[in-house]
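So this one's upload_13.cif, mmCIF, C-alpha atoms and all ligand atoms:
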```cif
data_structure
loop_
_atom_site.label_atom_id
_atom_site.label_comp_id
_atom_site.auth_asym_id
_atom_site.auth_seq_id
_atom_site.Cartn_x
_atom_site.Cartn_y
_atom_site.Cartn_z
CA MET A 1 62.50 -0.29 51.80
CA VAL A 2 63.54 2.66 49.58
CA ILE A 3 64.25 0.31 46.66
CA GLN A 4 60.86 -1.42 47.07
CA MET A 5 59.04 1.92 47.16
CA ASN A 6 60.98 2.94 44.11
CA ILE A 7 59.78 -0.15 42.21
CA ILE A 8 56.16 0.29 43.35
CA ILE A 9 56.12 3.92 42.17
CA LYS A 10 57.73 3.00 38.84
CA TYR A 11 55.07 0.36 38.15
CA PHE A 12 52.32 2.68 39.31
CA LEU A 13 53.51 5.33 36.82
CA LYS A 14 53.74 2.70 34.05
CA ILE A 15 50.09 1.77 34.59
CA ILE A 16 49.05 5.45 34.57
CA GLN A 17 51.00 5.93 31.32
CA LYS A 18 49.51 2.80 29.72
CA LEU A 19 46.04 4.11 30.50
CA ASN A 20 47.09 7.49 29.09
CA LEU A 21 45.95 9.27 32.23
CA ASP A 22 48.21 12.25 31.64
CA LYS A 23 45.77 14.72 33.17
CA VAL A 24 45.90 12.77 36.45
CA VAL A 25 49.70 13.13 36.51
CA TYR A 26 49.53 16.85 35.72
CA PHE A 27 47.08 17.21 38.59
CA VAL A 28 49.34 15.27 41.00
CA ALA A 29 52.28 17.43 39.89
CA ARG A 30 50.44 20.38 41.43
CA THR A 31 50.36 18.71 44.86
CA ARG A 32 52.95 18.02 47.54
CA PHE A 33 52.89 14.37 46.46
CA SER A 34 55.23 15.15 43.57
CA ASN A 35 58.12 15.91 45.99
CA PHE A 36 57.33 12.72 47.92
CA PHE A 37 57.46 10.65 44.72
CA LEU A 38 60.67 12.23 43.49
CA SER A 39 62.56 11.70 46.75
CA TYR A 40 62.15 7.94 46.36
CA PHE A 41 63.90 7.64 43.04
CA TRP A 42 67.55 8.29 43.82
CA ASP A 43 70.28 7.01 46.07
CA ALA A 44 73.89 8.28 46.18
CA LYS A 45 75.22 5.75 43.67
CA GLN A 46 72.41 6.48 41.21
CA ASN A 47 73.13 10.20 41.56
CA PHE A 48 76.82 9.64 40.96
CA ASN A 49 76.05 7.64 37.79
CA TYR A 50 73.58 10.26 36.64
CA PHE A 51 75.99 13.20 37.04
CA GLU A 52 78.80 11.20 35.49
CA THR A 53 76.56 10.67 32.45
CA ILE A 54 75.86 14.41 32.22
CA TYR A 55 79.58 15.17 32.60
CA ASN A 56 80.37 12.68 29.82
CA SER A 57 77.77 14.17 27.52
CA TYR A 58 79.06 17.75 28.14
CA LYS A 59 82.58 16.48 27.56
CA LYS A 60 81.62 14.70 24.34
CA LEU A 61 80.14 17.96 23.07
CA ILE A 62 83.21 20.07 23.86
CA ASN A 63 85.45 17.41 22.30
CA LYS A 64 83.35 17.57 19.11
CA LYS A 65 84.66 21.08 18.51
CA LYS A 66 88.05 20.41 20.14
CA LEU A 67 87.27 22.94 22.88
CA SER A 68 88.93 22.76 26.26
CA LEU A 69 87.74 23.91 29.67
CA LYS A 70 91.27 24.14 31.05
CA ASN A 71 91.56 27.37 33.08
CA LYS A 72 88.08 28.34 31.98
CA LYS A 73 85.25 29.91 33.93
CA VAL A 74 82.08 27.89 33.58
CA LEU A 75 78.46 28.44 34.58
CA GLU A 76 75.78 25.77 34.69
CA LEU A 77 72.18 26.94 34.40
CA GLY A 78 69.58 24.88 36.31
CA CYS A 79 71.95 22.52 38.09
CA GLY A 80 69.36 20.96 40.47
CA SER A 81 70.45 20.57 44.11
CA SER A 82 74.09 19.92 43.28
CA ILE A 83 77.20 21.21 41.51
CA GLY A 84 77.06 17.72 39.90
CA PRO A 85 78.98 17.79 36.61
CA GLY A 86 81.25 20.59 37.93
CA TYR A 87 82.94 18.23 40.41
CA PHE A 88 83.94 15.93 37.54
CA PHE A 89 85.41 18.84 35.53
CA ILE A 90 87.85 19.81 38.31
CA LYS A 91 90.29 17.11 37.27
CA ASP A 92 90.18 18.57 33.72
CA GLY A 93 91.60 21.86 35.04
CA ILE A 94 88.62 24.26 35.12
CA LYS A 95 89.35 27.54 36.86
CA ASN A 96 85.94 28.24 38.25
CA TRP A 97 82.39 26.75 38.29
CA VAL A 98 79.13 28.47 39.22
CA GLY A 99 75.82 26.60 39.37
CA ILE A 100 72.57 28.60 39.25
CA GLU A 101 69.39 26.96 40.44
CA LYS A 102 65.94 28.44 40.90
CA PHE A 103 63.85 25.87 42.80
CA ASN A 104 66.15 23.40 44.53
CA GLU A 105 68.24 24.07 47.61
CA PHE A 106 71.85 22.97 47.84
CA ASP A 107 71.82 19.52 49.46
CA LYS A 108 75.00 19.62 51.59
CA LYS A 109 75.01 15.97 52.70
CA PHE A 110 74.35 14.65 49.24
CA ASN A 111 77.01 16.93 47.71
CA ILE A 112 79.65 15.69 50.16
CA GLU A 113 78.82 12.08 49.25
CA LEU A 114 79.08 12.94 45.59
CA ILE A 115 82.42 14.78 46.00
CA LYS A 116 83.89 11.78 47.86
CA MET A 117 82.80 9.40 45.10
CA VAL A 118 84.20 11.66 42.34
CA ILE A 119 87.57 12.05 44.11
CA LYS A 120 87.77 8.28 44.64
CA LYS A 121 87.08 7.42 41.03
CA TYR A 122 89.05 10.28 39.45
CA PRO A 123 92.09 11.11 41.62
CA SER A 124 93.70 14.49 40.86
CA LYS A 125 95.72 17.11 42.70
CA ASN A 126 93.36 19.81 41.40
CA TYR A 127 90.72 19.11 44.09
CA SER A 128 92.75 20.84 46.81
CA SER A 129 91.91 24.32 45.55
CA PHE A 130 88.20 23.45 45.38
CA PHE A 131 87.63 21.59 48.69
CA ASP A 132 89.22 21.55 52.14
CA SER A 133 89.85 18.32 54.06
CA ASN A 134 86.21 18.33 55.28
CA PHE A 135 84.99 18.63 51.69
CA LYS A 136 83.88 22.22 52.31
CA ILE A 137 83.74 24.01 48.97
CA ASN A 138 86.06 27.00 48.42
CA PRO A 139 83.61 29.70 47.25
CA LYS A 140 86.35 31.49 45.32
CA ASN A 141 86.42 28.63 42.81
CA MET A 142 83.04 27.00 43.09
CA LYS A 143 79.60 28.35 43.94
CA PHE A 144 76.00 27.24 44.12
CA VAL A 145 73.69 30.23 43.74
CA GLN A 146 70.02 29.81 44.47
CA SER A 147 68.40 32.29 42.13
CA ASP A 148 66.33 32.61 39.04
CA PHE A 149 68.89 32.82 36.25
CA ILE A 150 67.28 36.04 35.00
CA ASP A 151 67.93 37.69 38.39
CA PHE A 152 71.52 36.49 38.72
CA ASN A 153 73.78 39.54 38.65
CA THR A 154 77.54 39.57 38.57
CA LYS A 155 80.38 41.49 36.98
CA GLU A 156 82.05 38.16 36.14
CA LYS A 157 82.06 36.86 32.57
CA PHE A 158 82.14 33.17 31.73
CA ASP A 159 83.87 31.24 28.95
CA CYS A 160 81.19 28.61 28.77
CA ILE A 161 77.56 28.19 29.89
CA PHE A 162 76.07 24.70 30.02
CA SER A 163 72.62 23.40 30.68
CA ASN A 164 71.06 19.95 30.63
CA ALA A 165 67.29 19.53 30.37
CA VAL A 166 66.59 23.11 31.47
CA LEU A 167 65.76 25.39 28.54
CA GLU A 168 62.60 23.42 27.73
CA HIS A 169 61.31 24.24 31.24
CA VAL A 170 61.82 27.99 31.03
CA ASP A 171 58.55 29.86 30.74
CA LYS A 172 57.85 30.80 27.15
CA ASN A 173 57.39 34.46 28.14
CA VAL A 174 60.97 34.72 29.39
CA ILE A 175 62.87 32.33 27.12
CA GLU A 176 64.22 35.11 24.89
CA GLN A 177 65.24 37.13 27.94
CA THR A 178 67.02 34.00 29.25
CA ILE A 179 68.99 33.64 26.00
CA GLN A 180 69.90 37.33 26.19
CA LYS A 181 71.09 36.75 29.75
CA ILE A 182 73.26 33.84 28.58
CA ASN A 183 74.70 36.22 26.00
CA SER A 184 75.38 38.96 28.58
CA LEU A 185 77.23 36.56 30.93
CA LEU A 186 79.52 35.12 28.24
CA VAL A 187 82.76 36.60 26.95
CA THR A 188 82.65 37.33 23.21
CA GLY A 189 83.76 34.10 21.55
CA GLY A 190 82.43 32.12 24.54
CA TYR A 191 80.22 29.05 24.14
CA ALA A 192 76.65 28.21 25.12
CA ILE A 193 76.25 24.42 25.23
CA HIS A 194 72.80 23.02 25.81
CA ALA A 195 71.03 19.70 25.80
CA ILE A 196 67.32 20.38 25.32
CA ASP A 197 64.76 17.65 25.85
CA LEU A 198 61.79 18.41 23.59
CA ARG A 199 59.62 15.51 24.77
CA ASP A 200 56.42 15.53 26.76
CA HIS A 201 57.73 14.69 30.24
CA PHE A 202 54.60 12.70 31.09
CA ASN A 203 55.64 9.61 29.17
CA PHE A 204 58.95 9.38 27.38
CA ASP A 205 57.70 6.35 25.38
CA ASN A 206 54.99 8.56 23.91
CA PRO A 207 57.09 11.73 23.64
CA PHE A 208 54.76 13.85 21.51
CA ASN A 209 51.57 13.15 23.44
CA PHE A 210 51.32 16.84 24.35
CA TYR A 211 50.77 17.96 20.74
CA LYS A 212 47.09 17.20 21.29
CA TYR A 213 46.67 20.17 23.66
CA PRO A 214 46.01 23.72 22.46
CA GLU A 215 48.41 26.19 24.11
CA LYS A 216 45.87 27.61 26.56
CA GLU A 217 44.89 24.16 27.86
CA TRP A 218 48.53 23.03 28.12
CA ASN A 219 49.43 26.08 30.21
CA LYS A 220 46.40 25.57 32.44
CA LEU A 221 47.30 21.91 33.04
CA THR A 222 51.03 22.24 33.62
CA LYS A 223 52.26 25.79 34.24
CA GLY A 224 54.00 26.09 37.59
CA THR A 225 54.63 22.32 37.86
CA ILE A 226 57.67 20.18 37.07
CA MET A 227 55.72 18.77 34.10
CA TYR A 228 55.68 22.18 32.40
CA THR A 229 57.69 22.50 29.24
CA ASN A 230 57.40 25.47 26.89
CA ARG A 231 56.86 23.12 23.88
CA LEU A 232 59.16 25.26 21.72
CA ARG A 233 60.59 23.11 18.94
CA ALA A 234 64.24 22.83 17.82
CA LYS A 235 63.56 25.35 15.06
CA ASP A 236 62.39 27.98 17.60
CA PHE A 237 65.48 27.60 19.79
CA ILE A 238 67.73 27.85 16.72
CA GLU A 239 66.03 31.07 15.60
CA LEU A 240 66.08 32.61 19.07
CA PHE A 241 69.81 32.02 19.61
CA LYS A 242 70.61 33.32 16.12
CA LYS A 243 68.54 36.46 16.72
CA ASN A 244 70.39 37.13 19.98
CA GLY A 245 74.04 37.20 18.97
CA PHE A 246 74.95 33.51 18.59
CA LYS A 247 76.31 31.42 15.76
CA LEU A 248 75.32 27.75 15.70
CA VAL A 249 78.53 25.72 15.50
CA TYR A 250 77.16 22.23 16.21
CA ILE A 251 73.78 20.56 16.42
CA LYS A 252 72.75 16.96 16.94
CA GLU A 253 69.05 16.31 16.46
CA ASN A 254 67.40 13.09 17.55
CA ILE A 255 64.56 12.55 15.08
CA GLN A 256 61.81 10.02 15.81
CA GLN A 257 59.51 10.25 12.82
CA ASP A 258 57.55 7.07 13.61
CA LYS A 259 56.48 8.43 17.00
CA ILE A 260 54.23 11.13 15.52
CA ASN A 261 52.30 8.75 13.27
CA ASN A 262 48.57 8.61 14.10
CA LEU A 263 48.83 11.33 16.73
CA LYS A 264 46.17 13.91 17.37
CA ILE A 265 47.87 17.27 16.79
CA SER A 266 46.38 20.60 17.83
CA ASP A 267 46.19 23.46 15.30
CA PHE A 268 48.65 25.25 17.52
CA PHE A 269 51.41 23.13 15.93
CA SER A 270 50.28 23.59 12.31
CA LYS A 271 53.19 25.95 11.59
CA TYR A 272 55.68 23.07 11.94
CA SER A 273 56.50 20.40 9.34
CA GLN A 274 56.20 16.69 10.22
CA LYS A 275 59.99 16.53 10.43
CA GLU A 276 60.20 19.53 12.75
CA LEU A 277 57.60 17.95 14.98
CA SER A 278 59.51 14.69 15.22
CA VAL A 279 62.66 16.07 16.86
CA GLU A 280 62.86 14.50 20.33
CA ASP A 281 65.92 16.26 21.67
CA ILE A 282 68.81 18.42 20.57
CA GLN A 283 72.35 19.05 21.66
CA VAL A 284 73.70 22.39 20.54
CA ILE A 285 76.87 24.45 20.70
CA TYR A 286 76.55 28.17 20.09
CA LYS A 287 79.36 30.67 19.89
CA LYS A 288 78.71 34.20 21.05
CA THR A 289 79.63 36.42 18.14
CA ARG A 290 78.05 39.70 19.27
CA GLY A 291 77.10 41.18 22.60
CA PHE A 292 73.38 41.58 23.18
CA TYR A 293 73.72 45.37 23.30
CA GLU A 294 75.49 45.39 19.91
CA LEU A 295 72.49 43.78 18.24
CA ALA A 296 70.64 45.91 15.73
C1 LIG A 301 64.77 18.95 34.61
S1 LIG A 301 65.71 19.78 35.79
C2 LIG A 301 67.36 19.42 35.25
C3 LIG A 301 68.36 19.53 36.38
C4 LIG A 301 69.80 19.14 35.99
N1 LIG A 301 70.31 20.05 35.00
C5 LIG A 301 69.80 17.73 35.48
O1 LIG A 301 70.13 17.50 34.32
O2 LIG A 301 69.48 16.84 36.28
C6 LIG A 301 65.54 21.49 35.35
C7 LIG A 301 66.17 22.39 36.40
O3 LIG A 301 66.25 23.72 35.90
C8 LIG A 301 65.94 24.61 36.97
N2 LIG A 301 65.50 25.88 36.37
C9 LIG A 301 64.47 26.05 35.51
N3 LIG A 301 64.34 27.36 35.20
C10 LIG A 301 65.33 28.01 35.86
C11 LIG A 301 65.72 29.38 35.94
N4 LIG A 301 65.06 30.32 35.29
N5 LIG A 301 66.77 29.71 36.72
C12 LIG A 301 67.46 28.75 37.38
N6 LIG A 301 67.12 27.42 37.36
C13 LIG A 301 66.08 27.07 36.60
C14 LIG A 301 64.84 23.87 37.72
O4 LIG A 301 64.71 24.33 39.03
C15 LIG A 301 65.35 22.44 37.67
O5 LIG A 301 66.18 22.14 38.76
#
```
Rewrite the coordinates I just gave you, this time as structure tokens.
Ligand SMILES: C[S@@+](CC[C@H](N)C(=O)[O-])C[C@H]1O[C@@H](n2cnc3c(N)ncnc32)[C@H](O)[C@@H]1O
Amino acid sequence: MVIQMNIIIKYFLKIIQKLNLDKVVYFVARTRFSNFFLSYFWDAKQNFNYFETIYNSYKKLINKKKLSLKNKKVLELGCGSSIGPGYFFIKDGIKNWVGIEKFNEFDKKFNIELIKMVIKKYPSKNYSSFFDSNFKINPKNMKFVQSDFIDFNTKEKFDCIFSNAVLEHVDKNVIEQTIQKINSLLVTGGYAIHAIDLRDHFNFDNPFNFYKYPEKEWNKLTKGTIMYTNRLRAKDFIELFKKNGFKLVYIKENIQQDKINNLKISDFFSKYSQKELSVEDIQVIYKKTRGFYELA
């Protein structure tokens, strides 16, 4: 039944996208229906595969710069309802993992299923200091904190802060504050590693559809919904991190020039070149070189 519903919803969304009815989707995103739709998309195995993919992409990034998370304290910003990738990193010898999540609650049942699947696929003796025999998480080593990242306060410092598909959702008015917070929670020399999805989340096949909207209209349509993205471009993120005490040590840009051909583009985006507008997503590694309070 769940699978069938899943297929029906997928085809329904495809039709909506084909007809370019983005405003209908933004409207639905404001209603309770959005939660109903989302709950039909995932089962435990799909979740396991999804988090394994995120773990692999984080791992690929740290391997790029020959970094290691062994004995390191790690924070994940915007982890959804799960510690997800953190469970996979236990076998690699992390010391500590904290997940911060604003909207979603920790889903205990789902997390236990996920932990069992990770342990089965990746046996290691390291799990014993993270979970007891009932898969209860040891809060000394692993924590899920339900909070807005900006409000998260701790004396702890982290060696590495990750996020996947989060920074594009942070309200434009607080994005710089968020980057300053990342800075304040990292040790000097620590790393901020982020995958940022710059696409319009309405239709990933038409990823720059949202360029047609002036800023005011975009905010009116999407602010406060899961469809909201701040529409900052790669260039803006690069400048903001640089301004706030970070050195860019690695960037991978996915450029899709052909996808902006023949698009209607609002004047709001006139400050960007065609190439800047055609970046679909970025993966970045920043090193903290200066504390936020040391900045001139
Ligand atoms: C698109 S989801 C990505 C979730 C997960 N990282 C993944 O890859 O599946 C973005 C997540 O970031 C969270 N988020 C956005 N802004 C946040 C903030 N200021 N503080 C904490 N979490 C935030 C949202 O609640 C949401 O769960």
Distance of atom CA of Thr229 of chain A from atom CA of Asp200 of chain A, expressed in Å to one decimal place: 7.5 Å
Near-ligand residues for ligand LIG 301 (chain A), threshold 7 Å, only C-alpha atoms and all ligand atoms, as number ranges by chain: A: 54, 77-80, 100-104, 147-150, 163-166, 169-170
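Our summary of the geometry notes that atom CA of Asp151 of chain A is positioned 25.4 Å from atom CA of Arg233 of chain A.
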Residue among A:Lys116, A:Lys125, A:Lys271, A:Arg199 lying closest to Asp92 of chain A, counting all atoms listed in the file: A:Lys125
Among the residues A:Lys287, A:Lys247, A:His201, A:Lys23, the one that comes closest to Tyr228 of chain A [using all atoms listed in the file]: A:His201
Distance in Å - atom CA of Leu198 of chain A versus atom CA of Asp281 of chain A: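 These atoms are spaced 5.0 Å apart.
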Distance query Val24 of chain A at most 12 Å, only C-alpha atoms, self and fewer than 4 positions along chain excluded, as a PyMOL selection string: chain A and resi 13+15-17+19-20+28-31+34+202+221-222+227
